[in-house]
$ cat my_file05.cif   # mmCIF, C-alpha atoms and all ligand atoms
data_upload
#
loop_
_atom_site.label_atom_id
_atom_site.label_comp_id
_atom_site.auth_asym_id
_atom_site.auth_seq_id
_atom_site.Cartn_x
_atom_site.Cartn_y
_atom_site.Cartn_z
CA ARG A 1 -36.82 -7.32 -21.28
CA LYS A 2 -36.67 -7.85 -17.55
CA TYR A 3 -39.96 -8.17 -15.66
CA THR A 4 -40.49 -5.44 -13.07
CA ILE A 5 -42.89 -5.95 -10.20
CA PRO A 6 -45.67 -3.36 -10.73
CA TYR A 7 -45.50 -2.33 -7.06
CA GLU A 8 -41.81 -1.49 -7.50
CA GLU A 9 -42.45 0.32 -10.75
CA LEU A 10 -45.09 2.48 -9.07
CA GLY A 11 -43.37 2.97 -5.71
CA ALA A 12 -44.88 3.14 -2.22
CA GLU A 13 -45.07 6.92 -2.21
CA LYS A 14 -46.92 7.18 -5.52
CA LEU A 15 -49.32 4.43 -4.43
CA SER A 16 -50.11 6.36 -1.27
CA GLU A 17 -50.71 9.55 -3.29
CA LEU A 18 -52.99 7.63 -5.66
CA ILE A 19 -55.11 6.08 -2.93
CA ASN A 20 -55.46 9.39 -1.08
CA ALA A 21 -56.47 11.17 -4.32
CA PHE A 22 -58.95 8.33 -4.98
CA TYR A 23 -60.69 8.57 -1.59
CA SER A 24 -60.97 12.38 -1.74
CA ARG A 25 -63.13 11.74 -4.80
CA VAL A 26 -65.04 8.84 -3.24
CA ALA A 27 -65.85 11.16 -0.32
CA LYS A 28 -67.56 13.57 -2.73
CA HIS A 29 -69.30 11.13 -5.05
CA PRO A 30 -73.09 11.10 -4.52
CA LEU A 31 -73.39 7.37 -5.32
CA LEU A 32 -70.52 6.38 -3.04
CA ILE A 33 -71.00 8.63 0.01
CA PRO A 34 -73.92 6.56 1.39
CA ILE A 35 -71.92 3.31 1.69
CA PHE A 36 -68.54 4.62 2.88
CA PRO A 37 -67.68 5.66 6.45
CA GLU A 38 -67.38 9.39 7.09
CA ASP A 39 -63.83 8.98 8.36
CA LEU A 40 -61.87 7.27 5.59
CA THR A 41 -58.55 7.05 7.46
CA GLU A 42 -58.79 3.31 8.13
CA THR A 43 -60.25 2.61 4.67
CA ILE A 44 -57.27 4.37 3.08
CA ARG A 45 -54.83 2.42 5.23
CA LYS A 46 -56.42 -0.92 4.27
CA GLN A 47 -56.65 -0.02 0.59
CA ILE A 48 -52.93 0.86 0.50
CA GLN A 49 -52.17 -2.48 2.13
CA PHE A 50 -54.37 -4.28 -0.39
CA GLN A 51 -53.06 -2.50 -3.48
CA THR A 52 -49.50 -3.18 -2.32
CA GLN A 53 -50.10 -6.91 -2.57
CA TYR A 54 -52.43 -6.64 -5.62
CA LEU A 55 -49.46 -5.07 -7.45
CA GLY A 56 -47.07 -7.81 -6.38
CA GLY A 57 -45.53 -6.14 -3.33
CA PRO A 58 -45.44 -7.51 0.24
CA ASN A 59 -48.67 -9.18 1.49
CA LEU A 60 -49.47 -6.38 3.92
CA PHE A 61 -53.25 -6.81 3.72
CA SER A 62 -53.32 -10.57 4.28
CA GLU A 63 -50.80 -10.41 7.10
CA GLU A 64 -53.10 -8.14 9.09
CA HIS A 65 -56.60 -9.08 7.89
CA GLY A 66 -56.35 -12.63 6.53
CA HIS A 67 -57.40 -13.87 3.11
CA PRO A 68 -58.63 -10.94 0.97
CA MET A 69 -61.91 -12.59 -0.21
CA MET A 70 -62.70 -9.24 -1.75
CA ARG A 71 -66.11 -10.13 -3.14
CA ALA A 72 -67.21 -11.52 0.22
CA ARG A 73 -65.93 -8.44 2.06
CA HIS A 74 -68.11 -6.30 -0.20
CA MET A 75 -71.30 -8.29 0.35
CA HIS A 76 -72.39 -6.00 3.22
CA PHE A 77 -72.67 -3.20 0.68
CA LYS A 78 -74.95 -2.82 -2.29
CA ILE A 79 -72.45 -2.76 -5.15
CA THR A 80 -74.50 -1.87 -8.24
CA PRO A 81 -73.11 -1.52 -11.79
CA ASP A 82 -73.50 2.27 -11.40
CA ARG A 83 -71.46 2.21 -8.19
CA ALA A 84 -68.75 0.13 -9.85
CA GLN A 85 -68.65 2.74 -12.64
CA ALA A 86 -68.46 5.55 -10.08
CA TRP A 87 -65.61 3.77 -8.25
CA LEU A 88 -63.70 3.39 -11.52
CA GLU A 89 -64.28 7.04 -12.49
CA CYS A 90 -62.86 8.17 -9.14
CA MET A 91 -59.85 5.94 -9.80
CA ALA A 92 -59.30 7.22 -13.37
CA GLU A 93 -59.42 10.82 -12.11
CA ALA A 94 -57.02 9.99 -9.27
CA MET A 95 -54.65 8.43 -11.82
CA ASP A 96 -54.82 11.65 -13.85
CA GLU A 97 -54.15 13.73 -10.74
CA VAL A 98 -51.02 11.84 -9.73
CA GLY A 99 -49.81 11.58 -13.33
CA LEU A 100 -50.06 7.84 -14.02
CA ASP A 101 -49.94 7.19 -17.73
CA GLY A 102 -48.66 4.89 -20.45
CA LYS A 103 -48.68 1.10 -20.44
CA PHE A 104 -48.45 0.88 -16.65
CA ARG A 105 -51.65 2.83 -16.17
CA GLU A 106 -53.44 0.97 -18.96
CA VAL A 107 -52.66 -2.47 -17.53
CA TYR A 108 -53.36 -1.47 -13.90
CA TYR A 109 -56.65 0.22 -14.78
CA LYS A 110 -57.86 -2.73 -16.90
CA ARG A 111 -57.23 -5.03 -13.98
CA LEU A 112 -59.19 -2.75 -11.66
CA VAL A 113 -62.08 -2.73 -14.16
CA MET A 114 -62.24 -6.52 -14.00
CA THR A 115 -62.03 -6.58 -10.20
CA ALA A 116 -64.69 -3.85 -9.88
CA HIS A 117 -67.09 -5.75 -12.15
CA HIS A 118 -66.46 -8.91 -10.15
CA MET A 119 -67.55 -7.00 -6.99
CA VAL A 120 -71.02 -6.15 -8.36
CA ASN A 121 -73.65 -7.88 -6.20
CA ALA A 122 -76.88 -5.92 -6.81
CA PRO A 123 -78.82 -4.47 -9.76
CA ASN A 124 -79.06 -0.71 -10.29
CA ASP A 125 -81.87 0.99 -8.36
CA GLU A 126 -85.07 1.51 -10.33
CA GLU A 127 -85.50 5.17 -11.24
C1 LIG B 1 -63.71 -1.78 1.31
C2 LIG B 1 -67.00 -0.16 -1.81
C3 LIG B 1 -64.44 -1.96 -5.48
C4 LIG B 1 -60.90 -3.05 -2.39
C5 LIG B 1 -64.83 -1.21 0.77
C6 LIG B 1 -65.88 -0.60 1.54
C7 LIG B 1 -66.81 -0.15 0.67
C8 LIG B 1 -66.35 -0.47 -0.65
C9 LIG B 1 -68.11 0.58 1.01
C10 LIG B 1 -65.91 -0.49 3.07
C11 LIG B 1 -65.11 0.71 3.49
C12 LIG B 1 -64.89 0.70 4.99
O1 LIG B 1 -65.82 0.38 5.74
O2 LIG B 1 -63.78 1.03 5.41
C13 LIG B 1 -66.60 -0.51 -3.08
C14 LIG B 1 -67.35 -0.23 -4.30
C15 LIG B 1 -66.64 -0.77 -5.32
C16 LIG B 1 -65.44 -1.37 -4.76
C17 LIG B 1 -68.66 0.53 -4.42
C18 LIG B 1 -67.07 -0.75 -6.77
C19 LIG B 1 -66.95 -1.81 -7.55
C20 LIG B 1 -63.24 -2.37 -4.97
C21 LIG B 1 -62.12 -2.85 -5.77
C22 LIG B 1 -61.14 -3.17 -4.89
C23 LIG B 1 -61.62 -2.88 -3.56
C24 LIG B 1 -62.13 -2.93 -7.30
C25 LIG B 1 -59.78 -3.74 -5.13
C26 LIG B 1 -59.17 -3.70 -6.30
C27 LIG B 1 -61.37 -2.81 -1.12
C28 LIG B 1 -60.60 -3.07 0.09
C29 LIG B 1 -61.42 -2.72 1.16
C30 LIG B 1 -62.66 -2.24 0.58
C31 LIG B 1 -59.19 -3.63 0.17
C32 LIG B 1 -61.11 -2.87 2.65
C33 LIG B 1 -61.64 -4.21 3.08
C34 LIG B 1 -61.66 -4.40 4.58
O3 LIG B 1 -62.24 -3.56 5.27
O4 LIG B 1 -61.13 -5.41 5.03
N1 LIG B 1 -65.14 -1.12 -0.56
N2 LIG B 1 -65.46 -1.18 -3.40
N3 LIG B 1 -62.88 -2.39 -3.64
N4 LIG B 1 -62.58 -2.32 -0.78
FE1 LIG B 1 -64.02 -1.78 -2.08
#
$ encode --input "my_file05.cif" --output "structure tokens"
Amino acid sequence: RKYTIPYEELGAEKLSELINAFYSRVAKHPLLIPIFPEDLTETIRKQIQFQTQYLGGPNLFSEEHGHPMMRARHMHFKITPDRAQAWLECMAEAMDEVGLDGKFREVYYKRLVMTAHHMVNAPNDEE
């Protein structure tokens, strides 16, 4: 079976829908609101650039912003295990909303789980 680039399988339009659906949830999540800017326009734009290259499409993020160094770029924020979970929940719901399913969704989501866990840089807050 021929190998298809995930970015091509998903398509630019679907990716844009996914990332917009994702950030509408981030904007409402009590654990995520405090660390994200109020205006998510630029965040959405950068995330679409990043996911494009993460899925094997053109290197839009690196061309404009340099090496991704994603963990380093997240060091300014307290990324706790609970926040990583919240991020992933917003993503799973966004995937439901735009109708991603099957093997594609499974593989993409698993990869995001690994990346999200890699981003964790602080323990959960004490209750
Ligand atoms: C930027 C939080 C996981 C990719 C950001 C920003 C925050 C954040 C607060 C800054 C937003 C802004 O100022 O515009 C989190 C949290 C995560 C997480 C809580 C939970 C684990 C991820 C993952 C990816 C990712 C898994 C990629 C697969 C990005 C990108 C940016 C970003 C591309 C823009 C970087 C830039 O400004 O140059 N994230 N993030 N993040 N995040 Fe995350």
$ residues_near_ligand --input "my_file05.cif" --ligand "ligand LIG 1 (chain B)" --cutoff "8 Å" --atoms "all atoms listed in the file" --output "PyMOL selection string"
chain A and resi 32+35-37+40+42-44+46-51+54+61+65+68+70+73-74+77-81+83-88+112-120
$ closest_residue --input "my_file05.cif" --among "A:Val98, A:Lys103, A:Asn59, A:Asn121" --to "Arg71 of chain A" --atoms "all atoms listed in the file"
A:Asn121
$ atom_distance --input "my_file05.cif" --atom1 "atom CA of Tyr7 of chain A" --atom2 "atom CA of Gly57 of chain A"
5.3 Å
$ closest_residue --input "my_file05.cif" --among "A:Leu18, A:Ala12, A:Ala122, A:Ala92" --to "Met75 of chain A" --atoms "all atoms listed in the file"
A:Ala122
$ residues_around --input "my_file05.cif" --residues "segment 105-108 of chain A" --least-positions-apart "6" --cutoff "9 Å" --atoms "all atoms listed in the file" --output "ChimeraX atom specification"
/A:6,55,95
$ atom_distance --input "my_file05.cif" --atom1 "atom CA of Leu10 of chain A" --atom2 "atom CA of Glu63 of chain A"
21.5 Å
$ atom_distance --input "my_file05.cif" --atom1 "atom CA of Phe22 of chain A" --atom2 "atom CA of Ala94 of chain A"
5.0 Å
$ decode --input "my_file05.cif" --residues "segment 38-76 of chain A" --atoms "N, CA and C atoms" --output "short mmCIF file (atom, residue, chain, number, x, y, z; two decimals), in the first residue's frame"
data_model
loop_
_atom_site.label_atom_id
_atom_site.label_comp_id
_atom_site.auth_asym_id
_atom_site.auth_seq_id
_atom_site.Cartn_x
_atom_site.Cartn_y
_atom_site.Cartn_z
N GLU A 38 -5.65 36.23 25.56
CA GLU A 38 -7.09 36.38 25.37
C GLU A 38 -7.44 36.28 23.88
N ASP A 39 -6.61 36.92 23.07
CA ASP A 39 -6.80 36.87 21.62
C ASP A 39 -5.96 35.71 21.07
N LEU A 40 -6.64 34.69 20.57
CA LEU A 40 -5.92 33.48 20.14
C LEU A 40 -5.61 33.47 18.64
N THR A 41 -5.87 34.58 17.96
CA THR A 41 -5.67 34.64 16.51
C THR A 41 -4.26 34.19 16.09
N GLU A 42 -3.26 34.77 16.74
CA GLU A 42 -1.87 34.47 16.38
C GLU A 42 -1.49 33.05 16.82
N THR A 43 -2.01 32.63 17.95
CA THR A 43 -1.76 31.27 18.44
C THR A 43 -2.30 30.25 17.44
N ILE A 44 -3.50 30.50 16.95
CA ILE A 44 -4.12 29.61 15.95
C ILE A 44 -3.27 29.55 14.68
N ARG A 45 -2.84 30.72 14.24
CA ARG A 45 -2.03 30.79 13.02
C ARG A 45 -0.74 29.97 13.17
N LYS A 46 -0.06 30.15 14.32
CA LYS A 46 1.19 29.40 14.55
C LYS A 46 0.93 27.91 14.69
N GLN A 47 -0.16 27.55 15.35
CA GLN A 47 -0.43 26.12 15.55
C GLN A 47 -0.74 25.45 14.21
N ILE A 48 -1.45 26.14 13.32
CA ILE A 48 -1.71 25.57 11.99
C ILE A 48 -0.38 25.39 11.25
N GLN A 49 0.49 26.38 11.35
CA GLN A 49 1.81 26.25 10.71
C GLN A 49 2.54 25.04 11.28
N PHE A 50 2.51 24.92 12.62
CA PHE A 50 3.26 23.83 13.25
C PHE A 50 2.69 22.47 12.87
N GLN A 51 1.36 22.32 12.98
CA GLN A 51 0.75 21.02 12.69
C GLN A 51 0.95 20.64 11.23
N THR A 52 1.01 21.63 10.35
CA THR A 52 1.27 21.35 8.93
C THR A 52 2.59 20.59 8.79
N GLN A 53 3.63 21.06 9.46
CA GLN A 53 4.91 20.37 9.33
C GLN A 53 5.00 19.11 10.18
N TYR A 54 4.32 19.12 11.33
CA TYR A 54 4.26 17.93 12.22
C TYR A 54 3.66 16.75 11.47
N LEU A 55 2.72 17.05 10.56
CA LEU A 55 2.04 16.00 9.78
C LEU A 55 2.72 15.76 8.43
N GLY A 56 3.91 16.30 8.26
CA GLY A 56 4.67 15.98 7.06
C GLY A 56 4.46 16.92 5.89
N GLY A 57 3.72 18.02 6.11
CA GLY A 57 3.53 19.01 5.06
C GLY A 57 4.68 20.00 5.01
N PRO A 58 4.52 21.10 4.28
CA PRO A 58 5.59 22.10 4.18
C PRO A 58 6.00 22.66 5.54
N ASN A 59 7.28 23.04 5.69
CA ASN A 59 7.82 23.50 6.98
C ASN A 59 7.45 24.95 7.28
N LEU A 60 6.15 25.23 7.31
CA LEU A 60 5.68 26.61 7.47
C LEU A 60 6.11 27.23 8.78
N PHE A 61 6.10 26.43 9.86
CA PHE A 61 6.46 26.99 11.17
C PHE A 61 7.94 27.37 11.20
N SER A 62 8.79 26.44 10.84
CA SER A 62 10.24 26.69 10.89
C SER A 62 10.67 27.82 9.97
N GLU A 63 10.04 27.91 8.81
CA GLU A 63 10.41 28.98 7.88
C GLU A 63 10.18 30.35 8.49
N GLU A 64 9.14 30.50 9.29
CA GLU A 64 8.86 31.81 9.88
C GLU A 64 9.45 32.00 11.28
N HIS A 65 9.52 30.91 12.07
CA HIS A 65 9.89 31.07 13.48
C HIS A 65 11.17 30.36 13.88
N GLY A 66 11.81 29.66 12.95
CA GLY A 66 13.03 28.93 13.28
C GLY A 66 12.73 27.56 13.86
N HIS A 67 13.77 26.92 14.38
CA HIS A 67 13.63 25.56 14.90
C HIS A 67 12.50 25.48 15.92
N PRO A 68 11.63 24.45 15.81
CA PRO A 68 10.48 24.38 16.71
C PRO A 68 10.84 24.36 18.20
N MET A 69 11.80 23.57 18.62
CA MET A 69 12.18 23.47 20.04
C MET A 69 10.96 23.58 20.94
N MET A 70 9.98 22.72 20.69
CA MET A 70 8.68 22.89 21.34
C MET A 70 8.74 22.89 22.86
N ARG A 71 9.58 22.02 23.43
CA ARG A 71 9.62 21.96 24.89
C ARG A 71 10.17 23.30 25.44
N ALA A 72 11.20 23.80 24.79
CA ALA A 72 11.79 25.07 25.21
C ALA A 72 10.79 26.21 25.08
N ARG A 73 10.02 26.22 24.00
CA ARG A 73 9.04 27.30 23.80
C ARG A 73 7.93 27.26 24.85
N HIS A 74 7.76 26.12 25.50
CA HIS A 74 6.72 26.00 26.52
C HIS A 74 7.23 26.25 27.93
N MET A 75 8.53 26.49 28.07
CA MET A 75 9.11 26.65 29.40
C MET A 75 8.62 27.89 30.15
N HIS A 76 8.15 28.90 29.39
CA HIS A 76 7.60 30.11 30.05
C HIS A 76 6.29 29.80 30.76
#
